[in-house]
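Structure data follow from query_23.tsv (TSV, C-alpha atoms and all ligand atoms):
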```tsv
chain	number	residue	atom	x	y	z
V	1	MET	CA	-28.30	-8.02	-18.92
V	2	SER	CA	-28.96	-10.64	-21.61
V	3	PHE	CA	-26.86	-13.80	-21.65
V	4	VAL	CA	-25.07	-12.64	-24.82
V	5	ASP	CA	-24.35	-9.25	-23.25
V	6	LEU	CA	-22.82	-11.10	-20.30
V	7	LEU	CA	-20.64	-13.15	-22.66
V	8	LYS	CA	-19.52	-9.88	-24.25
V	9	LYS	CA	-18.74	-8.44	-20.84
V	10	ARG	CA	-16.42	-11.36	-19.97
V	11	ARG	CA	-13.00	-10.41	-21.24
V	12	SER	CA	-9.39	-11.09	-20.29
V	13	ILE	CA	-8.71	-8.27	-17.86
V	14	TYR	CA	-5.07	-7.91	-16.87
V	15	ALA	CA	-5.25	-4.60	-14.99
V	16	LEU	CA	-6.68	-5.92	-11.72
V	17	GLY	CA	-6.78	-4.61	-8.17
V	18	THR	CA	-8.12	-5.63	-4.76
V	19	ASP	CA	-11.09	-3.25	-4.62
V	20	VAL	CA	-13.90	-5.75	-5.33
V	21	ASP	CA	-17.49	-5.09	-4.22
V	22	LEU	CA	-18.19	-8.68	-3.10
V	23	SER	CA	-16.98	-9.97	0.26
V	24	GLU	CA	-14.68	-13.00	0.36
V	25	GLU	CA	-17.59	-15.08	1.70
V	26	GLU	CA	-19.75	-13.98	-1.25
V	27	ILE	CA	-17.01	-14.83	-3.73
V	28	GLU	CA	-16.46	-18.21	-2.09
V	29	SER	CA	-20.16	-19.03	-2.19
V	30	LEU	CA	-20.48	-17.85	-5.82
V	31	VAL	CA	-17.55	-20.01	-6.96
V	32	LYS	CA	-18.87	-23.06	-5.10
V	33	GLU	CA	-22.35	-22.70	-6.62
V	34	VAL	CA	-21.03	-22.18	-10.14
V	35	VAL	CA	-18.68	-25.17	-9.91
V	36	LYS	CA	-21.48	-27.38	-8.54
V	37	GLU	CA	-23.90	-26.33	-11.30
V	38	SER	CA	-21.35	-26.91	-14.09
V	39	PRO	CA	-21.95	-30.21	-15.90
V	40	THR	CA	-19.49	-33.13	-16.00
V	41	SER	CA	-19.67	-36.33	-18.05
V	42	PHE	CA	-21.78	-38.99	-16.25
V	43	ASN	CA	-22.19	-36.34	-13.52
V	44	SER	CA	-18.77	-37.55	-12.37
V	45	GLN	CA	-17.98	-34.20	-10.70
V	46	THR	CA	-14.29	-34.45	-11.48
V	47	GLN	CA	-13.65	-30.76	-10.89
V	48	ARG	CA	-11.83	-29.60	-7.75
V	49	VAL	CA	-11.24	-25.96	-6.85
V	50	VAL	CA	-9.03	-24.01	-4.46
V	51	ILE	CA	-9.66	-20.30	-3.89
V	52	LEU	CA	-6.70	-18.18	-2.82
V	53	PHE	CA	-7.34	-14.71	-1.43
V	54	ASN	CA	-4.98	-11.92	-0.44
V	55	ASP	CA	-1.74	-13.27	1.13
V	56	SER	CA	-2.23	-16.80	-0.21
V	57	HIS	CA	-2.89	-15.34	-3.66
V	58	LYS	CA	0.26	-13.20	-3.44
V	59	LYS	CA	2.23	-16.25	-2.32
V	60	LEU	CA	1.11	-18.16	-5.43
V	61	TRP	CA	2.49	-15.50	-7.76
V	62	GLU	CA	5.69	-15.07	-5.74
V	63	MET	CA	6.32	-18.80	-5.89
V	64	THR	CA	5.60	-18.78	-9.63
V	65	GLU	CA	8.26	-16.07	-9.98
V	66	ASP	CA	10.73	-18.22	-7.96
V	67	VAL	CA	10.03	-21.28	-10.07
V	68	LEU	CA	10.26	-19.42	-13.39
V	69	GLU	CA	13.42	-17.42	-12.69
V	70	PRO	CA	15.89	-20.28	-13.32
V	71	LEU	CA	13.82	-21.48	-16.31
V	72	THR	CA	13.56	-18.12	-18.12
V	73	PRO	CA	16.33	-16.48	-20.19
V	74	ALA	CA	17.74	-13.61	-18.08
V	75	GLU	CA	16.81	-10.92	-20.65
V	76	GLN	CA	13.18	-12.10	-20.71
V	77	PHE	CA	12.78	-12.39	-16.96
V	78	PRO	CA	11.99	-8.70	-16.19
V	79	ALA	CA	8.94	-8.90	-18.51
V	80	THR	CA	7.82	-12.17	-16.91
V	81	GLN	CA	8.34	-10.68	-13.47
V	82	GLU	CA	6.27	-7.62	-14.38
V	83	LYS	CA	3.44	-9.80	-15.63
V	84	LEU	CA	3.49	-11.97	-12.50
V	85	GLN	CA	3.56	-8.92	-10.24
V	86	GLY	CA	0.49	-7.69	-12.12
V	87	PHE	CA	-1.30	-10.93	-11.18
V	88	ALA	CA	-0.14	-10.57	-7.56
V	89	ALA	CA	-1.79	-7.12	-7.42
V	90	ALA	CA	-5.24	-8.72	-7.91
V	91	LYS	CA	-7.61	-9.91	-5.16
V	92	GLY	CA	-7.31	-13.64	-5.63
V	93	THR	CA	-6.85	-16.69	-7.83
V	94	VAL	CA	-9.13	-19.65	-8.40
V	95	LEU	CA	-7.11	-22.83	-9.00
V	96	PHE	CA	-8.92	-25.42	-11.09
V	97	PHE	CA	-7.97	-29.08	-10.66
V	98	GLU	CA	-9.37	-32.36	-11.88
V	99	ASP	CA	-9.46	-35.49	-9.76
V	100	ALA	CA	-7.30	-38.03	-11.61
V	101	ASP	CA	-8.58	-40.88	-9.39
V	102	VAL	CA	-12.18	-40.28	-10.46
V	103	VAL	CA	-11.11	-40.20	-14.12
V	104	SER	CA	-9.18	-43.49	-13.89
V	105	SER	CA	-11.97	-45.17	-11.94
V	106	LEU	CA	-14.44	-44.19	-14.69
V	107	GLN	CA	-12.04	-45.60	-17.29
V	108	GLN	CA	-12.04	-48.93	-15.47
V	109	GLN	CA	-15.80	-48.94	-14.91
V	110	PHE	CA	-16.74	-48.03	-18.48
V	111	ALA	CA	-14.00	-49.57	-20.68
V	112	LEU	CA	-15.87	-48.63	-23.87
V	113	TYR	CA	-15.32	-44.92	-23.16
V	114	ALA	CA	-11.90	-45.28	-21.54
V	115	ASP	CA	-10.15	-42.96	-24.01
V	116	ASN	CA	-12.85	-40.31	-23.68
V	117	PHE	CA	-12.90	-39.77	-19.92
V	118	PRO	CA	-9.69	-37.67	-19.75
V	119	ILE	CA	-10.98	-35.60	-22.70
V	120	TRP	CA	-14.40	-35.14	-21.13
V	121	SER	CA	-12.85	-34.20	-17.81
V	122	ASP	CA	-10.70	-31.62	-19.60
V	123	GLN	CA	-13.75	-30.25	-21.42
V	124	ALA	CA	-15.69	-30.11	-18.14
V	125	SER	CA	-12.76	-28.26	-16.59
V	126	GLY	CA	-12.82	-25.72	-19.44
V	127	LEU	CA	-16.51	-25.06	-19.18
V	128	THR	CA	-16.34	-24.83	-15.38
V	129	GLN	CA	-13.58	-22.25	-15.78
V	130	ALA	CA	-15.70	-20.35	-18.32
V	131	ASN	CA	-18.74	-20.43	-16.04
V	132	VAL	CA	-16.77	-19.00	-13.10
V	133	TRP	CA	-15.22	-16.38	-15.41
V	134	ASN	CA	-18.71	-15.38	-16.66
V	135	ALA	CA	-20.13	-15.33	-13.13
V	136	PHE	CA	-17.32	-12.99	-12.09
V	137	ALA	CA	-18.06	-10.79	-15.13
V	138	GLU	CA	-21.72	-10.59	-14.13
V	139	LYS	CA	-20.68	-9.26	-10.70
V	140	GLY	CA	-18.29	-6.72	-12.25
V	141	ILE	CA	-15.20	-8.69	-11.17
V	142	GLY	CA	-12.43	-8.79	-13.78
V	143	ALA	CA	-10.38	-11.93	-14.44
V	144	ASN	CA	-7.76	-13.53	-16.67
V	145	LEU	CA	-6.95	-17.17	-17.24
V	146	GLN	CA	-3.43	-18.51	-16.75
V	147	HIS	CA	-1.64	-21.85	-17.20
V	148	TYR	CA	1.53	-22.05	-15.17
V	149	ASN	CA	0.89	-25.76	-14.58
V	150	PRO	CA	2.76	-28.07	-14.60
V	151	VAL	CA	5.83	-26.03	-13.58
V	152	ILE	CA	4.19	-24.79	-10.36
V	153	ASP	CA	2.34	-28.03	-9.47
V	154	GLU	CA	4.83	-29.32	-6.89
V	155	ARG	CA	5.12	-26.00	-5.03
V	156	VAL	CA	1.33	-25.50	-5.03
V	157	SER	CA	0.73	-29.03	-3.73
V	158	GLU	CA	3.26	-28.56	-0.94
V	159	GLU	CA	2.07	-25.11	0.09
V	160	TRP	CA	-1.63	-25.89	0.31
V	161	SER	CA	-1.50	-29.65	1.01
V	162	ILE	CA	-3.30	-30.49	-2.21
V	163	PRO	CA	-4.24	-34.21	-2.52
V	164	SER	CA	-1.81	-35.96	-4.88
V	165	ASN	CA	-4.65	-37.07	-7.17
V	166	TRP	CA	-5.71	-33.44	-7.85
V	167	LYS	CA	-4.19	-32.34	-11.15
V	168	LEU	CA	-3.82	-28.57	-11.68
V	169	ARG	CA	-5.40	-27.40	-14.94
V	170	ALA	CA	-5.73	-23.60	-14.82
V	171	GLN	CA	-5.48	-20.48	-12.70
V	172	LEU	CA	-8.14	-17.74	-12.93
V	173	VAL	CA	-6.77	-14.47	-11.51
V	174	PHE	CA	-9.55	-12.12	-10.39
V	175	GLY	CA	-9.99	-8.66	-8.89
V	176	SER	CA	-11.37	-5.18	-9.43
V	177	LYS	CA	-11.25	-4.00	-13.03
V	178	GLU	CA	-8.66	-1.23	-13.16
V	179	ALA	CA	-8.79	-0.70	-16.94
V	180	GLU	CA	-11.00	-1.74	-19.83
V	181	PRO	CA	-9.56	-4.16	-22.40
V	182	ALA	CA	-8.99	-3.17	-26.04
V	183	PRO	CA	-11.93	-3.94	-28.37
V	184	LYS	CA	-11.97	-7.57	-29.44
V	185	GLU	CA	-11.24	-8.63	-33.02
V	186	TYR	CA	-13.35	-11.30	-34.70
V	187	MET	CA	-12.67	-13.48	-37.71
V	188	GLU	CA	-15.24	-13.44	-40.53
V	189	ASP	CA	-18.44	-15.37	-39.86
V	190	GLU	CA	-18.25	-16.85	-43.37
V	191	LYS	CA	-15.07	-18.70	-42.45
V	192	ARG	CA	-16.45	-19.89	-39.15
V	193	PHE	CA	-20.06	-20.98	-39.51
V	194	MET	CA	-22.13	-23.20	-41.80
V	195	VAL	CA	-25.93	-23.17	-41.70
V	196	PHE	CA	-28.24	-25.47	-43.67
V	197	ASN	CA	-31.98	-25.83	-44.17
V	201	LIG	C1	-8.31	-22.55	-23.13
V	201	LIG	C2	-7.77	-21.16	-22.96
V	201	LIG	C3	-6.48	-20.96	-22.54
V	201	LIG	C4	-5.99	-19.67	-22.29
V	201	LIG	N1	-4.75	-19.50	-21.75
V	201	LIG	C5	-4.32	-18.26	-21.45
V	201	LIG	C6	-3.08	-18.09	-20.78
V	201	LIG	O1	-2.39	-19.04	-20.44
V	201	LIG	N2	-2.69	-16.81	-20.51
V	201	LIG	C7	-3.45	-15.73	-20.84
V	201	LIG	O2	-3.06	-14.60	-20.55
V	201	LIG	N3	-4.65	-15.88	-21.45
V	201	LIG	C8	-5.10	-17.11	-21.75
V	201	LIG	N4	-6.33	-17.28	-22.35
V	201	LIG	C9	-7.14	-16.09	-22.69
V	201	LIG	C10	-7.21	-15.85	-24.19
V	201	LIG	O3	-5.99	-15.36	-24.67
V	201	LIG	C11	-8.35	-14.87	-24.43
V	201	LIG	O4	-9.54	-15.43	-23.93
V	201	LIG	C12	-8.53	-14.53	-25.90
V	201	LIG	O5	-7.43	-13.81	-26.38
V	201	LIG	C13	-9.81	-13.72	-26.16
V	201	LIG	O6	-9.82	-12.54	-25.37
V	201	LIG	P1	-10.97	-12.26	-24.31
V	201	LIG	O7	-10.80	-13.24	-23.16
V	201	LIG	O8	-10.75	-10.85	-23.84
V	201	LIG	O9	-12.30	-12.47	-24.96
V	201	LIG	C14	-6.82	-18.55	-22.57
V	201	LIG	C15	-8.14	-18.77	-23.03
V	201	LIG	C16	-8.61	-20.04	-23.21
V	201	LIG	C17	-10.03	-20.23	-23.66
```
How does the structure come out when it is put into structure tokens?
Ligand SMILES: Cc1cc2nc3c(=O)[nH]c(=O)nc-3n(C[C@H](O)[C@H](O)[C@H](O)COP(=O)(O)O)c2cc1C
Amino acid sequence: MSFVDLLKKRRSIYALGTDVDLSEEEIESLVKEVVKESPTSFNSQTQRVVILFNDSHKKLWEMTEDVLEPLTPAEQFPATQEKLQGFAAAKGTVLFFEDADVVSSLQQQFALYADNFPIWSDQASGLTQANVWNAFAEKGIGANLQHYNPVIDERVSEEWSIPSNWKLRAQLVFGSKEAEPAPKEYMEDEKRFMVFN
């Protein structure tokens, strides 16, 4: 598969199940390698990752439901609940964090770039997430990206004893692909690109 074909294969897949071909050890090792090979500004390695499988994964989405219930209008809650139960039906979730202590230490060390370090860390988080998402796609594992931070941060930290300096940035739900996504729509190239000689 060419790199571009792989990028095309990576989609937001919401119909996910537990029937993945890779073992948990293989998934763990894949995620670790991809995170380690993803670049960070000054090679600061600000990215931190927690992988939740099976019961821990289910617990995450149950606790998200608990946290959201009092915050969601009653008439909207059944739809939210259905969506969250869909996530719970998957195999696992990768939680992406950034280490706030590393970011602030860089800001002190390199005052000239102080304003940039949080931005660069955020960008590094995004591309690490994309790399893991693509790596899953290459192995035939479906995934979708969620952002229930910051409302779930406290519960997540308590449940899995997350260091207080780890800031939750995203949740990548993954599992077996149970349905193909609808074809993707693209804006016109003319409005998006400029090329000069
Ligand atoms: C930075 C970023 C944030 C996103 N946040 C969410 C999200 O919170 N929930 C969600 O369901 N999808 C989220 N997505 C997925 C996008 O909606 C999706 O990638 C986009 O519609 C294109 O579809 P595709 O992933 O199938 O190519 C996010 C994607 C990116 C890049």
- [ ] Let me have all residues with an atom within 6 Å of ligand LIG 201 (chain V), counting all atoms listed in the file, laid out as a ChimeraX atom specification.
- [x] /V:11-12,145-147
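Taking only C-alpha atoms, the non-local environment of segment 38-47 of chain V within 8 Å (same-chain residues fewer than 4 positions away omitted) comprises Val34, Phe96, Phe97, Glu98, Asp99, Ala100, Val102, Val103, Phe117, Trp120, Ser121, Ala124, Ser125, Leu127, Thr128 and Asn131 of chain V.
Comparing V:Ala79, V:Ala88, V:Ile27, V:Val4 by their smallest distance to Val173 of chain V, the closest is V:Ala88 (using all atoms listed in the file).
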TODO: Name the closest residue to Glu154 of chain V among the candidates V:Lys184, V:Lys167, V:Lys9, V:Lys59; distances are taken between atoms, counting all atoms listed in the file.
DONE: V:Lys167
- [ ] Have a look at atom CA of Val156 of chain V and atom CA of Glu69 of chain V and let me know their distance in Å, one decimal.
- [x] 16.4 Å
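Closest approach to His57 of chain V from the set V:Phe77, V:Phe87, V:Tyr186, V:Trp133 is made by V:Phe87, with distances taken over all atoms listed in the file.
Here atom CA of Ala135 of chain V and atom CA of Arg169 of chain V stand 19.1 Å from one another.
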TODO: Figure out the distance between atom CA of Val132 of chain V and atom CA of Glu24 of chain V, please, to one decimal in Å.
DONE: 14.9 Å
